[in-house]
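Peer 1: Structure below; questions to follow.
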Amino acid sequence: MTDTILLSHGEGGKRTRDLVRTLFARRFDNPVLAPLFDSGLLGHLDGEIAFTTDSYVVTPPIFPGGNIGKLAVCGTMNDLSVCGARPVALSCSFILEEGFSVAQLETILDSMKDAATEGNIFIACGDTKVVEKGKGDGIFITTSGVGVVRDGWRPAPGAIRPGDRVVLTGTMGDHQAAVMIARNRLSISSPIVSDVAPLSAMLLGVLRKFKAQVRFMRDPTRGGVGVTLNEIAEASGARFVLDEGRLPVSQGVRGVCEILGFDPLYLANEGKAILIVDGSAGDGVVGHLRENPYGVNAAIIGEVAEGKSGVFMKTTVGGLRAVDYPVGDQLPRIC
Amino acid sequence: MCLGIPVKVMQVDGQSAVVDVGGARREISLLLLDDVRAGEWVILHAGFAIQKMDEEEAEKTLALLRELPGAIEIH
Amino acid sequence: MPLRYIDEFRDPALARAVVARIEAAWDGPPVRVMEVCGTHTMAIARGGIRSLVSSRVALISGPGCPVCVTPDGYIDAAIALGRRDGVVLATFGDMVKVPGTASSLEKERGNGADVRIVYSPLDAVAIAVAEPGRDVVFLGVGFETTAPAIAGAILAARERGVANFSVLASVRTIPEAMAILASDPEIRIEGFLCPAHVSAIIGADAYRPLAETFRIPCVVAGFEPLDILLGLAMILAQKKTGRAAVENEYARVVTTSGNRKARDVIGRVFEKCDAAWRGIGVLPGSGLAIRAEYGAFDAAVKHDIAIPASGADTACRCGDVLKGKIAPDGCPLFGTACTPDAPVGPCMVSTEGTCAAHYKYGVQR
């Protein structure tokens, strides 16, 4: 292998074969991928099929706590998990810019393999294209994921009712804060790392135990908890009232937010989930989550109230304010 | 726009200082303040220390708040 | 783990005590208190403070958002500069979406203009040093809090011989605007919540003429919720006894005489001038212009660009909102034709705009 990606790596000839075999196929080796057919044949799956897709364009591609590859695998697995599906297989498409470092690519691919192993899934198929220098910022990844819904749980926004609790599985804003710092345009140094993590085991564990009491789950990525709850409020007609004093935020993220004037409520997370659960199950779900390393800071952050749909928050000093969709606060390319 | 936060000075190097808030560190300019020492607190605005934060006065204000009828702090 | 000198001033139990003090301090119609700092506008909105004090205090937002009071001709001039070859526009984030007459910096960036958000004017100087082939123009918009930082950046550029850096200045000073508003009988201001960090620079004594001439209590308050609540309690206590004095809640940062050194730095680079305030008009002596001897760092001089006079009138009532004559929902465009996604006036798009605060945090829906 060469040190950097060349255009010929994408031309379909010998170089492409070398790239696929030495970097991808050997690493992601499994019986479905091994024959390198045009499609991965998954066999019969025992349950309803869940299917999702996402593209990842985060810059820089490697940041404290992870990289674009780990993000891609975890992000797609998490999208399956929050819908109650056990992740089974992923596809991975790469668009590489001519000149991209092969050493960086290997770091990214190693992370993808590790994340896939932890999540107990395999890469079933993939694709690689190379674009000329200047036409694609380093590396873009698109992953699609297939999962199986078992045990009959489905997301049910319509079932959300007053008295339900809003549970967040851990601290807010770590991913976006880590990426902002890694961009280094702000000259801030901080020990914050991205929270990117595979949540399937944790979330499917909650569903096994509390199936009848969990109404809905979603991972608060772009736009953070603030945007995600607004989306759920729109879909369900529910009125959420958060308790500012109970929002879990690390001191490190708070420090960065205070300097820059950001609100952790709207910062992207890549290793967290929001669960709307029956009022009777709130403490039980939190207790269960806290036993998992990815849920140690889980907390009830609010509840569903009677009244007009929307997202509101009781502030630390006891006032009430709306939590609306943010405009213009978003930093580009954080996922 | 006038956003400024209290930060702790970790080290001073001529007209620059490294400050810390919650573990986030940044190098800032001391052009606008004389006689700043490590360990002191300053208000950071747009990359400059614009004024010192007097810890004694801060405690006085907090004491005033704590003496108000009905003020029992929850920690 | 708490952040020191921030979280203590957000304590819920202390807040309850101050709110109780506010309720006990006054039993007349709500006292009309104006705040003149965008950071106060936002802090009040984010803390939900109105909902806590509305029976005793009518909180009015004044022209405290420097972006909001900058005439749209300034944005047009910045856009024109940004369209020139080799120019990098370095700006604070809250300018990017503000509409000029026909476009915005955000739209220009989509069309290929090199617009970069910086946290400090010194970062703009650093860009100039790192990219000697480009011409960096920093959009220097702000009040007295930011003026020393802008001046400091110009001094740093001069000292280091950075020739490819200049500032398009739009700096205004607060006390003159406060005086105009205090004397307007339609607005009926009964108390001023004076800005925290402007006061750190100019000193609490700067408001004495205001308090004495107009017989209005002036209390300097910090930005944390407890600071604001305590500041309001102090205003009400003065009202109750018929006093009209300058008091300082934010004594941990603000002194009576402020930061002399910062004012000296301002004075080296800037001189007083008349300034146009959007919605208010031209206020004599309320602006700061770059001195002729620093003309090499004055983008208007260096790039020979004039700031055009304000554009046509629209149905937007930013002017009346800025003066506190109407609340945001008194403007016919609020929430319908004018939203944060599609703003007509700067009050809606600026991160500290009164309309933006009301729209984002107001519990009216």
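Ligands are numbered from 1 in the order shown, residues from 1 within each chain, and chains are lettered A, B, ... in the order they appear in the structure tokens.
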Which chain B residues have any atom within 6 Å of an atom of chain A, and for each, what is the nearest pair of atoms with distance in Å to one decimal, counting only C-alpha atoms, rows sorted by chain and number, as a tab-separated table?

Peer 2:
residue	atom	partner	partner_atom	distance
B:Val21	CA	A:Gly255	CA	5.0
B:Gly22	CA	A:Gly255	CA	4.5
B:Gly23	CA	A:Gly252	CA	5.4
B:Ala24	CA	A:Ser190	CA	4.4
B:Arg25	CA	A:Ser189	CA	5.1
B:Arg26	CA	A:Ile188	CA	4.8

Peer 1: Using the selection just defined, write its residues with N, CA and C atoms as an mmCIF file, in the first residue's frame.

Peer 2:
data_model
loop_
_atom_site.group_PDB
_atom_site.id
_atom_site.type_symbol
_atom_site.label_atom_id
_atom_site.label_comp_id
_atom_site.auth_asym_id
_atom_site.auth_seq_id
_atom_site.Cartn_x
_atom_site.Cartn_y
_atom_site.Cartn_z
ATOM 1 N N VAL B 21 -11.283 27.735 32.956
ATOM 2 C CA VAL B 21 -12.648 27.657 33.500
ATOM 3 C C VAL B 21 -13.150 26.240 33.281
ATOM 4 N N GLY B 22 -13.359 25.532 34.374
ATOM 5 C CA GLY B 22 -13.856 24.162 34.291
ATOM 6 C C GLY B 22 -12.945 23.228 33.522
ATOM 7 N N GLY B 23 -11.662 23.501 33.470
ATOM 8 C CA GLY B 23 -10.734 22.637 32.740
ATOM 9 C C GLY B 23 -10.458 23.108 31.321
ATOM 10 N N ALA B 24 -11.260 24.032 30.808
ATOM 11 C CA ALA B 24 -10.980 24.602 29.484
ATOM 12 C C ALA B 24 -9.956 25.716 29.666
ATOM 13 N N ARG B 25 -8.898 25.677 28.841
ATOM 14 C CA ARG B 25 -7.839 26.662 29.008
ATOM 15 C C ARG B 25 -7.644 27.444 27.730
ATOM 16 N N ARG B 26 -7.321 28.722 27.901
ATOM 17 C CA ARG B 26 -7.071 29.559 26.742
ATOM 18 C C ARG B 26 -6.014 30.579 27.094
#

Peer 1: At a cut-off of 7 Å, list the chain A residues touching chain C, using only C-alpha atoms, as a count of residues only.

Peer 2: 13

Peer 1: Select residues of chain B: the criterion is any atom within 9 Å of an atom of chain C, counting only C-alpha atoms; output as a ChimeraX atom specification.

Peer 2: /B:1-7,21-22,29,31-34,42-43,45-48,50-62,65-66,68-75

Peer 1: Kindly give the distance, in Å, that separates atom CA of Gly224 of chain A and atom CA of Tyr266 of chain A, rounded to a single decimal.

Peer 2: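 Straight-line distance from atom CA of Gly224 of chain A to atom CA of Tyr266 of chain A works out to 4.2 Å.
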
Peer 1: As an NGL selection string, please: every residue in segment 48-184 of chain A that a backbone DSSP assignment puts in alpha helix (DSSP H).

Peer 2: :A and (68-81 or 102-118 or 174-182)

Peer 1: So that I can see what lies close to Ala276 of chain C, please list as a PyMOL selection string the residues with an atom at most 8 Å from it, counting only C-alpha atoms and leaving out residues fewer than 3 positions away in the same chain.

Peer 2: chain C and resi 70-71+280-283

Peer 1: I need the residues from that last selection saved to file as a CSV table (one decimal), in the first residue's frame (with N, CA and C atoms), if you can.

Peer 2:
chain,number,residue,atom,x,y,z
C,70,THR,N,-26.8,48.8,14.9
C,70,THR,CA,-26.0,49.1,13.7
C,70,THR,C,-26.9,49.3,12.5
C,71,PRO,N,-26.8,50.4,11.8
C,71,PRO,CA,-27.7,50.6,10.6
C,71,PRO,C,-27.3,49.6,9.5
C,280,ILE,N,-33.3,55.0,16.4
C,280,ILE,CA,-33.3,56.1,17.3
C,280,ILE,C,-32.9,57.4,16.6
C,281,GLY,N,-31.9,57.2,15.7
C,281,GLY,CA,-31.4,58.4,15.0
C,281,GLY,C,-29.9,58.7,15.4
C,282,VAL,N,-29.4,59.8,14.9
C,282,VAL,CA,-28.1,60.2,15.2
C,282,VAL,C,-28.0,60.8,16.6
C,283,LEU,N,-27.1,60.2,17.5
C,283,LEU,CA,-26.9,60.7,18.8
C,283,LEU,C,-25.5,61.3,18.9

Peer 1: Report the residues of segment 38-223 of chain A whose backbone DSSP state falls under strand (DSSP E or B), written as an NGL selection string.

Peer 2: :A and (48-56 or 62-63 or 66-67 or 85-97 or 101 or 122-131 or 139-149 or 165-168 or 188-189 or 214-218)

Peer 1: So which residues touch Asp320 of chain C within 12 Å, counting only C-alpha atoms, skipping near sequence neighbours fewer than 2 positions away, as a tab-separated table (two decimals) with N, CA and C atoms, in the first residue's frame?

Peer 2:
chain	number	residue	atom	x	y	z
C	60	ILE	N	-38.26	46.18	30.59
C	60	ILE	CA	-38.23	46.67	29.21
C	60	ILE	C	-36.82	46.49	28.67
C	61	SER	N	-36.74	45.98	27.44
C	61	SER	CA	-35.42	45.88	26.81
C	61	SER	C	-35.13	47.14	26.02
C	62	GLY	N	-33.94	47.67	26.20
C	62	GLY	CA	-33.54	48.86	25.46
C	62	GLY	C	-32.58	48.50	24.35
C	63	PRO	N	-31.88	49.48	23.82
C	63	PRO	CA	-31.01	49.27	22.66
C	63	PRO	C	-29.65	48.72	23.06
C	68	CYS	N	-27.93	45.08	16.79
C	68	CYS	CA	-29.28	45.57	16.47
C	68	CYS	C	-29.30	47.06	16.16
C	69	VAL	N	-28.42	47.84	16.81
C	69	VAL	CA	-28.47	49.28	16.60
C	69	VAL	C	-27.55	49.73	15.47
C	181	LEU	N	-33.27	58.07	26.05
C	181	LEU	CA	-34.42	57.24	26.40
C	181	LEU	C	-35.05	57.73	27.70
C	186	GLU	N	-42.71	59.13	26.45
C	186	GLU	CA	-43.51	57.98	26.01
C	186	GLU	C	-43.00	56.68	26.62
C	187	ILE	N	-41.70	56.62	26.94
C	187	ILE	CA	-41.14	55.35	27.39
C	187	ILE	C	-41.31	55.18	28.90
C	277	TRP	N	-27.90	55.46	15.45
C	277	TRP	CA	-28.45	54.29	16.12
C	277	TRP	C	-29.71	53.90	15.39
C	278	ARG	N	-29.74	52.70	14.90
C	278	ARG	CA	-30.91	52.24	14.16
C	278	ARG	C	-32.15	52.41	15.01
C	279	GLY	N	-33.14	53.04	14.44
C	279	GLY	CA	-34.41	53.19	15.14
C	279	GLY	C	-34.45	54.39	16.05
C	280	ILE	N	-33.29	54.96	16.40
C	280	ILE	CA	-33.26	56.12	17.31
C	280	ILE	C	-32.86	57.37	16.57
C	281	GLY	N	-31.86	57.20	15.70
C	281	GLY	CA	-31.37	58.37	14.97
C	281	GLY	C	-29.93	58.67	15.35
C	315	ALA	N	-41.88	47.67	7.24
C	315	ALA	CA	-42.89	47.60	8.29
C	315	ALA	C	-42.27	47.17	9.61
C	316	CYS	N	-41.00	46.77	9.54
C	316	CYS	CA	-40.30	46.33	10.75
C	316	CYS	C	-40.25	47.45	11.77
C	317	ARG	N	-40.57	47.15	13.01
C	317	ARG	CA	-40.59	48.18	14.04
C	317	ARG	C	-39.45	47.99	15.04
C	318	CYS	N	-38.30	47.52	14.52
C	318	CYS	CA	-37.14	47.35	15.39
C	318	CYS	C	-36.85	48.62	16.19
C	322	LEU	N	-36.40	48.69	20.08
C	322	LEU	CA	-35.12	49.08	20.67
C	322	LEU	C	-35.28	50.17	21.71
C	323	LYS	N	-36.28	51.02	21.53
C	323	LYS	CA	-36.49	52.09	22.49
C	323	LYS	C	-37.37	51.63	23.64
C	324	GLY	N	-37.85	50.41	23.54
C	324	GLY	CA	-38.71	49.92	24.61
C	324	GLY	C	-40.13	50.45	24.52
C	325	LYS	N	-40.48	51.07	23.37
C	325	LYS	CA	-41.83	51.62	23.24
C	325	LYS	C	-42.87	50.52	23.05
C	326	ILE	N	-42.44	49.48	22.36
C	326	ILE	CA	-43.34	48.33	22.23
C	326	ILE	C	-42.56	47.07	22.58
C	327	ALA	N	-43.30	46.06	22.98
C	327	ALA	CA	-42.69	44.75	23.17
C	327	ALA	C	-42.62	44.08	21.80
C	328	PRO	N	-41.78	43.05	21.66
C	328	PRO	CA	-41.66	42.40	20.36
C	328	PRO	C	-43.00	42.03	19.72
C	329	ASP	N	-43.94	41.54	20.55
C	329	ASP	CA	-45.19	41.14	19.89
C	329	ASP	C	-46.07	42.32	19.51
C	330	GLY	N	-45.58	43.52	19.77
C	330	GLY	CA	-46.28	44.71	19.28
C	330	GLY	C	-45.91	45.04	17.84
C	331	CYS	N	-44.89	44.36	17.31
C	331	CYS	CA	-44.51	44.60	15.92
C	331	CYS	C	-45.35	43.69	15.03
C	332	PRO	N	-45.96	44.25	13.98
C	332	PRO	CA	-46.86	43.44	13.16
C	332	PRO	C	-46.17	42.25	12.47
C	345	GLY	N	-35.65	42.19	10.58
C	345	GLY	CA	-34.81	43.16	11.26
C	345	GLY	C	-33.79	42.50	12.16
C	347	CYS	N	-33.22	42.82	15.29
C	347	CYS	CA	-33.66	42.43	16.63
C	347	CYS	C	-34.02	40.95	16.69
C	354	THR	N	-33.76	41.63	21.15
C	354	THR	CA	-34.95	41.55	22.00
C	354	THR	C	-35.99	40.61	21.41
C	355	CYS	N	-36.20	40.73	20.10
C	355	CYS	CA	-37.21	39.89	19.45
C	355	CYS	C	-36.78	38.43	19.44

Peer 1: Looking at only C-alpha atoms, which of A:Gly147, A:Gly65, A:Gly287, A:Gly138 is the one that sits closest to Ser194 of chain A?

Peer 2: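 Closest to Ser194 of chain A, using only C-alpha atoms: A:Gly65.
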